[in-house]
Protein chains: 2
Amino acid sequence: MSARQSGLSEDLGRIVGRDHVLTERERLLPYGHDESDLGDHLPEIVVRPRTAGEIAQVLKLCGNLGVPVTPSAARSGKSGGSLPVRGGVALSMERFDRILEIRREDLVGRAEAGVVTGDYMKAVEAVGLFYPPDPASLAFCTLGGNVAENAGGPRALKYGVTREYILGLEVVLPTGEILRVGKQTIKGVAGFDLTALFVGSEGLLGIVTEITTKLLPLPREVQTALCLFRDTAEASRAVSAVLAEGVLPRALEFIDDVAIAASAVARAPYQFPPGCGAAVLAEVDGNVPEACAREIERVGSVCERHGAIDVLLAQNESQRRDLWETRRRISINLKALHPLKISEDVAVPRSRIPDLVAEVQAIGRRLGLAVACYGHAGDGNLHANVLYDRPEERPRVDEAVADLLRAAIRLGGTITGEHGVGLAKKEFLELEQGKDVVALERRLKAFFDPAGILNPGKMFPGA
Amino acid sequence: MSARQSGLSEDLGRIVGRDHVLTERERLLPYGHDESDLGDHLPEIVVRPRTAGEIAQVLKLCGNLGVPVTPSAARSGKSGGSLPVRGGVALSMERFDRILEIRREDLVGRAEAGVVTGDYMKAVEAVGLFYPPDPASLAFCTLGGNVAENAGGPRALKYGVTREYILGLEVVLPTGEILRVGKQTIKGVAGFDLTALFVGSEGLLGIVTEITTKLLPLPREVQTALCLFRDTAEASRAVSAVLAEGVLPRALEFIDDVAIAASAVARAPYQFPPGCGAAVLAEVDGNVPEACAREIERVGSVCERHGAIDVLLAQNESQRRDLWETRRRISINLKALHPLKISEDVAVPRSRIPDLVAEVQAIGRRLGLAVACYGHAGDGNLHANVLYDRPEERPRVDEAVADLLRAAIRLGGTITGEHGVGLAKKEFLELEQGKDVVALERRLKAFFDPAGILNPGKMFPGA
């Protein structure tokens with residue numbers, strides 16, 4: 001332990017209690033990596049505050065000393081947003097774990113930032129309400145992490161992303177000021193929309209401690225169908241066709257041949273039949289069973305018109321769960337084909353999905369790499385995963401990723417649909433937004449964080 | 001014309017063309033008032049640019065001279081946001097009137113800021129798509145004004161407000177910089193959400209010139225019902241009960257006894273029967289006729305359980321239009337009872353609607369003023385209108401308004417659900433948000449507009 005680390009950890013212990021300051025290497029390890037495959041970046045110290053007041057004191061102390069502070073939640077992010085790339089302090093939100101209230105009549109809930117998203121969903125559903133954002137990591141990711149990254153998920157197609165559900169926040173600014181922004185009502189336009197500015201700010205502008213969310217009545221009916229295709233071109237055109245038909249499923253997920261092969265090797269709960277080279281997983285919801293049945297049939301018949309070889313309707317909750325489990329595990333199952341991968345999440349205008357799938361395949365062929373393509377095709381947000389076997393292949397993989405990001409921008413899209421810029425894509429932000437917008441964002445960062453201590457090394461080129 | 005006015009108008013003429021610089025008093029008059037009843041505030045000059053580049057030059061010129069610039073659209077706002085309270089230049093967006101594209105397959109549209117909202121809706125619906133935000137002024141208000149104020153409307157209950165539909169903006173900063181922020185895709189989280197920060201910023205942070213919106217498939221079915229009650233207490237409890245039942249109508253509007261009386265005097269298209277002292281206008285939508293029928297029946301039966309004396313289902317489009325026309329005209333019809341009024345738009349958590357209605361009536365009784373209460377009760381956003389006959393009564397009216405705003409905050413609500421702070425409520429912003437949040441908003445304003453020229457005198461206490 002360095003002298004700085006030792007003095008700082010004592011000061012931090014006085015703020016949060018000595019049990020909540022970690023300095024032993026083994027205990028620091030988990031805080032040094034996330035789901036991004038961007039390597040290990042250990043903090044010097046982990047601090048686990050319990051209150052906004054404690055966070056304020058930690059930030060003031062670190063601000064005075066110029067010590068970097070990186071907010072840390074479930075570390076399930078894919079863009080490296082929670083990696084302490086400059087060392088310093090990892091500020092873990094794990095003790096902010098209480099659901100504060102669910103006001104059924106108001107359709108509003110309030111929770112601390114470290115509450116696991118899936119736990120919040122369950123608590124809300126237990127009283128007949130619905131919190132739609134459903135990132136694949138919902139069993140372990142947290143509401144605070146979702147706010148920081150503006151997380152999406154399959155249901156974003158119909159219900160929008162995290163941003164659409166955040167009414168108000170308690171947030172600690174890098175300077176140690178504690179603010180309550182936003183509102184507790186469904187509508188409200190007083191002042192600037194500071195809440196929206198903090199959502200998706202990737203932990204650069206402040207640390208969110210408490211979250212007020214809008215809730216919806218829980219739809220009483222859900223119908224799920226898996227549409228099987230011979231190849232990805234047919235399946236991707238079917239996605240566009242379903243939307244053009246005026247149907248708005250709550251989810252419309254695309255699964256390509258590589259993802260299907262991985263599901264076979266990894267023995268996923270659902271096994272795709274031989275001859276199936278792509279699939280579309282669709283789900284509709286509502287309150288009237290006949291209406292849902294009618295809508296899912298429409299989806300099926302559009303898919304059949306576009307070449308589907310089979311349309312399977314989930315007959316019960318257990319079949320439905322198997323289909324979704326198969327979809328959710330794709331990311332992990334791909335490692336059964338190749339041990340290493342880079343997971344991208346570009347988004348393009350919906351009509352360009354077939355072009356994007358074709359571009360991804362061309363990039364893979366040119367560089368001799370397996371690329372899996374799956375995800376939220378309904379809203380144009382595809383997860384392209386570049387697979388590889390040995391670390392030495394990484395430069396070629398990085399070339400594929402760069403090509404993919406450029407292709408997305410060329411098609412009118414974005415380098416990140418839901419994972420965020422973080423460490424992974426900071427060198428590409430200007431390519432999408434241009435120098436002027438990024439310059440304004442840098443100035444805004446400095447406005448909120450003049451000492452530059454909060455989550456440094458992220459989002460901006462050269463940061 | 002003053003010397004300053006004369007020199008400035010020549011310089012402005014060189015930027016936008018002499019025909020688009022107005023200085024004669026008669027031509028300035030319309031730019032001096034809006035729908036807020038906050039009096040006339042004439043600009044010294046009106047300028048009507050055609051391009052973002054021209055706006056940039058106007059802002060740079062005025063910035064150098066310290067001349068205030070107030071953005072002006074349809075001036076249908078109710079909070080005085082477009083009033084040139086410091087004189088100077090009114091910058092009219094009326095020539096930004098082109099719909100640029102509607103990309104059906106992508107469910108995305110793009111228009112200039114001065115396009116009338118209703119025209120945009122119609123163009124979008126003509127290709128089978130749907131732009132949900134529906135402020136009562138949709139026949140003349142503009143998309144740019146809607147973005148500035150983050151406009152709502154009845155359908156916000158199910159579909160959310162303007163903010164939820166804005167993907168990207170072209171905006172001219174007060175310093176003359178032209179930026180394109182946001183995205184053209186449904187999803188996208190690259191960088192900070194600058195788009196959301198400009199939405200609802202009331203013309204204080206920049207001038208929006210072009211707007212990219214998300215669109216939805218147009219629901220194929222709409223069903224509308226008017227539920228009649230004996231009194232407001234029953235009707236307001238029915239609103240809460242409908243939502244608690246798990247139904248999410250696209251609109252759920254409350255109409256009180258005073259609004260009903262005004263509709264009678266003004267011969268509204270629909271005439272409420274004798275004995276009817278309150279009403280709830282409900283509308284559901286979807287793609288399957290039976291499902292819509294089932295949902296609207298549910299609304300009707302919940303209302304009947306809560307004392308409705310009658311439930312009328314609109315049998316055709318013309319009956320439906322009459323009901324909505326009656327609802328939309330309330331604001332104007334109230335002047336048939338009393339020539340003067342102040343229109344408020346507080347919002348409270350939905351379960352507090354009955355309390356708010358009771359508070360409004362108590363305030364009216366205490367001060368001896370007629371108060372009408374109607375609007376978007378489904379999302380807790382009520383329009384309370386304080387009616388009066390003579391300007392001398394204004395101090396009492398202002399007292400009623402102040403009491404109402406305080407009551408809304410006490411009930412956990414906001415001083416403005418959709419109209420904005422503007423000139424009307426700037427002295428109340430701190431009451432809702434606290435000094436620290438307002439201080440941050442002031443600093444943010446100075447960050448974007450160091451010379452303080454853009455829409456001065458608005459939003460902040462003492463501004």
# chains A, B, ... in the order shown; residues from 1 in each chain; ligands from 1
>>> closest_atom_pairs(of="chain B", to="chain A", cutoff="6 Å", atoms="only C-alpha atoms", output="CSV")
residue,atom,partner,partner_atom,distance
B:Glu105,CA,A:Ser351,CA,5.5
B:Asp106,CA,A:Arg350,CA,4.9
B:Thr185,CA,A:Pro349,CA,5.0
B:Ile186,CA,A:Asp379,CA,6.0
B:Lys187,CA,A:Gly417,CA,5.1
B:Gly188,CA,A:Gly417,CA,4.0
B:Val189,CA,A:Gly417,CA,5.7
B:Ala190,CA,A:Thr416,CA,5.9
B:Phe192,CA,A:Ser201,CA,5.3
B:Asp193,CA,A:Leu197,CA,5.5
B:Ala196,CA,A:Ala196,CA,5.9
B:Leu197,CA,A:Asp193,CA,5.5
B:Ser201,CA,A:Phe192,CA,5.3
B:Pro217,CA,A:Gly246,CA,4.8
B:Ala244,CA,A:Glu105,CA,5.7
B:Gly246,CA,A:Pro217,CA,4.8
B:Val288,CA,A:Ala291,CA,5.7
B:Ala291,CA,A:Val288,CA,5.7
B:Val348,CA,A:Thr185,CA,5.8
B:Pro349,CA,A:Thr185,CA,5.0
B:Arg350,CA,A:Asp106,CA,4.9
B:Ser351,CA,A:Asp106,CA,5.3
B:Asp379,CA,A:Ile186,CA,6.0
B:Thr416,CA,A:Gly188,CA,5.8
B:Gly417,CA,A:Gly188,CA,4.0
B:Glu418,CA,A:Val189,CA,5.7
B:Gly420,CA,A:Val189,CA,5.7
B:Val421,CA,A:Ala190,CA,5.9
>>> residues_around(residues="segment 22-28 of chain A", least_positions_apart="4", cutoff="9 Å", atoms="only C-alpha atoms", output="JSON, numbers by chain")
{"A": [1, 5, 6, 9, 18, 32, 42, 43, 44, 45, 46, 47, 48, 90]}
>>> residues_around(residues="Ile207 of chain A", least_positions_apart="3", cutoff="12 Å", atoms="only C-alpha atoms", output="number ranges by chain")
A: 49, 51-56, 58-59, 69-73, 91-93, 96, 112-114, 144-145, 147-148, 169-180, 198-204, 210-211, 448-449, 454-455
>>> write_last_selection(atoms="C-alpha atoms", output="PDB file, in the first residue's frame")
ATOM      1  CA  PRO A  49     -20.773   4.462   1.015  1.00  0.00           C
ATOM      2  CA  THR A  51     -25.700   7.658   1.969  1.00  0.00           C
ATOM      3  CA  ALA A  52     -25.623  10.556  -0.470  1.00  0.00           C
ATOM      4  CA  GLY A  53     -23.995  12.591   2.303  1.00  0.00           C
ATOM      5  CA  GLU A  54     -21.122  10.114   2.515  1.00  0.00           C
ATOM      6  CA  ILE A  55     -20.685  10.214  -1.265  1.00  0.00           C
ATOM      7  CA  ALA A  56     -20.568  14.006  -1.129  1.00  0.00           C
ATOM      8  CA  VAL A  58     -15.853  11.244  -0.565  1.00  0.00           C
ATOM      9  CA  LEU A  59     -16.087  13.399  -3.699  1.00  0.00           C
ATOM     10  CA  VAL A  69     -13.336   8.434  -8.588  1.00  0.00           C
ATOM     11  CA  THR A  70     -15.034   5.803 -10.765  1.00  0.00           C
ATOM     12  CA  PRO A  71     -18.635   4.888  -9.930  1.00  0.00           C
ATOM     13  CA  SER A  72     -19.185   1.144  -9.797  1.00  0.00           C
ATOM     14  CA  ALA A  73     -22.463  -0.759  -9.796  1.00  0.00           C
ATOM     15  CA  LEU A  91     -17.046   4.072  -5.516  1.00  0.00           C
ATOM     16  CA  SER A  92     -19.355   1.092  -5.216  1.00  0.00           C
ATOM     17  CA  MET A  93     -23.105   1.640  -4.979  1.00  0.00           C
ATOM     18  CA  PHE A  96     -27.822   1.502  -1.976  1.00  0.00           C
ATOM     19  CA  GLU A 112     -32.002   3.475  -4.365  1.00  0.00           C
ATOM     20  CA  ALA A 113     -29.535   3.272  -7.229  1.00  0.00           C
ATOM     21  CA  GLY A 114     -28.020  -0.093  -6.291  1.00  0.00           C
ATOM     22  CA  GLY A 144     -28.325   3.120 -11.176  1.00  0.00           C
ATOM     23  CA  GLY A 145     -26.210   1.415 -13.835  1.00  0.00           C
ATOM     24  CA  VAL A 147     -29.649   5.165 -15.601  1.00  0.00           C
ATOM     25  CA  ALA A 148     -25.942   5.829 -16.174  1.00  0.00           C
ATOM     26  CA  LEU A 169     -33.179  11.585  -9.484  1.00  0.00           C
ATOM     27  CA  GLU A 170     -31.163  12.345  -6.410  1.00  0.00           C
ATOM     28  CA  VAL A 171     -27.660  12.952  -7.631  1.00  0.00           C
ATOM     29  CA  VAL A 172     -24.354  13.949  -6.054  1.00  0.00           C
ATOM     30  CA  LEU A 173     -22.354  16.297  -8.265  1.00  0.00           C
ATOM     31  CA  PRO A 174     -18.586  15.853  -8.584  1.00  0.00           C
ATOM     32  CA  THR A 175     -18.215  18.967  -6.422  1.00  0.00           C
ATOM     33  CA  GLY A 176     -20.125  17.258  -3.598  1.00  0.00           C
ATOM     34  CA  GLU A 177     -23.415  19.076  -3.995  1.00  0.00           C
ATOM     35  CA  ILE A 178     -26.477  16.881  -3.418  1.00  0.00           C
ATOM     36  CA  LEU A 179     -29.417  17.712  -5.698  1.00  0.00           C
ATOM     37  CA  ARG A 180     -32.910  16.377  -6.237  1.00  0.00           C
ATOM     38  CA  PHE A 198     -27.954  12.760 -16.158  1.00  0.00           C
ATOM     39  CA  VAL A 199     -29.611   9.718 -17.770  1.00  0.00           C
ATOM     40  CA  GLY A 200     -27.025   8.190 -20.098  1.00  0.00           C
ATOM     41  CA  SER A 201     -24.211  10.457 -18.890  1.00  0.00           C
ATOM     42  CA  GLU A 202     -22.155   7.321 -18.100  1.00  0.00           C
ATOM     43  CA  GLY A 203     -21.105   8.418 -14.628  1.00  0.00           C
ATOM     44  CA  LEU A 204     -19.284  11.501 -15.904  1.00  0.00           C
ATOM     45  CA  GLU A 210     -31.990   7.574  -5.800  1.00  0.00           C
ATOM     46  CA  ILE A 211     -34.329   7.044  -8.719  1.00  0.00           C
ATOM     47  CA  PHE A 448     -20.099  19.813 -13.884  1.00  0.00           C
ATOM     48  CA  ASP A 449     -16.691  18.442 -12.924  1.00  0.00           C
ATOM     49  CA  LEU A 454     -15.307  11.698 -11.914  1.00  0.00           C
ATOM     50  CA  ASN A 455     -14.856   8.677 -14.188  1.00  0.00           C
TER      51      ASN A 455
END
>>> residues_around(residues="segment 361-370 of chain A", least_positions_apart="3", cutoff="12 Å", atoms="only C-alpha atoms", output="PyMOL selection string")
chain A and resi 232-233+256-259+261-262+334-335+337-342+354-358+373+384-390+393-407
>>> closest_residue(among="B:Ala111, B:Val21, B:Ala225, B:Ala268", to="Val208 of chain B", atoms="only C-alpha atoms")
B:Ala111
>>> residues_around(residues="Phe272 of chain A", least_positions_apart="6", cutoff="9 Å", atoms="only C-alpha atoms", output="short mmCIF file (atom, residue, chain, number, x, y, z; two decimals) with C-alpha atoms, in the first residue's frame")
data_model
loop_
_atom_site.label_atom_id
_atom_site.label_comp_id
_atom_site.auth_asym_id
_atom_site.auth_seq_id
_atom_site.Cartn_x
_atom_site.Cartn_y
_atom_site.Cartn_z
CA LEU A 228 -37.72 -19.66 -38.49
CA ILE A 260 -28.04 -20.53 -33.98
CA ALA A 261 -24.92 -22.68 -34.34
CA SER A 263 -27.08 -22.36 -29.37
CA ALA A 264 -26.72 -25.90 -30.74
CA ALA A 279 -34.89 -16.60 -36.75
#
>>> residues_around(residues="Ile296 of chain A", least_positions_apart="4", cutoff="7 Å", atoms="only C-alpha atoms", output="compact mmCIF listing (two decimals) with N, CA, C and O atoms, in the first residue's frame")
# COMPACT_ATOMS: atom_id res chain seq x y z
N GLN A 223 -48.06 -12.76 -25.83
CA GLN A 223 -47.96 -13.87 -26.78
C GLN A 223 -46.61 -13.80 -27.47
O GLN A 223 -46.17 -12.73 -27.88
N VAL A 284 -45.88 -9.92 -28.46
CA VAL A 284 -46.86 -8.83 -28.39
C VAL A 284 -47.51 -8.88 -27.01
O VAL A 284 -47.51 -9.92 -26.36
N CYS A 292 -54.29 -9.98 -28.71
CA CYS A 292 -52.89 -10.42 -28.76
C CYS A 292 -52.75 -11.57 -29.75
O CYS A 292 -51.78 -11.62 -30.51
N GLY A 300 -46.79 -13.53 -37.66
CA GLY A 300 -46.47 -14.82 -38.27
C GLY A 300 -46.75 -14.82 -39.76
O GLY A 300 -45.94 -15.29 -40.56
>>> atom_distance(atom1="atom CA of Glu325 of chain A", atom2="atom CA of Pro269 of chain A")
7.0 Å
>>> closest_residue(among="A:Asn64, A:Asn146, A:Gln271, A:Thr117", to="Gly77 of chain A", atoms="only C-alpha atoms")
A:Asn146
>>> atom_distance(atom1="atom CA of Glu304 of chain B", atom2="atom CA of Cys227 of chain B")
8.2 Å
>>> select_by_dssp(residues="segment 107-279 of chain A", states="strand (DSSP E)", output="number ranges by chain")
A: 108-112, 129-130, 166-172, 178-182, 207-214, 216-217, 221-229, 251-255, 278-279
>>> select_by_dssp(residues="segment 180-397 of chain A", states="helix (DSSP H, G or I)", output="JSON, numbers by chain")
{"A": [194, 195, 196, 197, 198, 232, 233, 234, 235, 236, 237, 238, 239, 240, 241, 242, 243, 244, 257, 258, 259, 260, 261, 262, 263, 264, 265, 289, 290, 291, 292, 293, 294, 295, 296, 297, 298, 299, 300, 301, 302, 303, 304, 305, 317, 318, 319, 320, 321, 322, 323, 324, 325, 326, 327, 328, 330, 331, 332, 333, 334, 335, 336, 350, 351, 352, 353, 354, 355, 356, 357, 358, 359, 360, 361, 362, 363, 364, 365, 366, 367, 377, 378, 379, 391, 392, 393, 394, 395, 396, 397]}
>>> atom_distance(atom1="atom CA of Gly80 of chain A", atom2="atom CA of Asp34 of chain A")
6.4 Å
>>> closest_residue(among="B:Glu392, B:Cys303, B:Ser137, B:Ile166", to="Arg329 of chain B", atoms="only C-alpha atoms")
B:Ser137
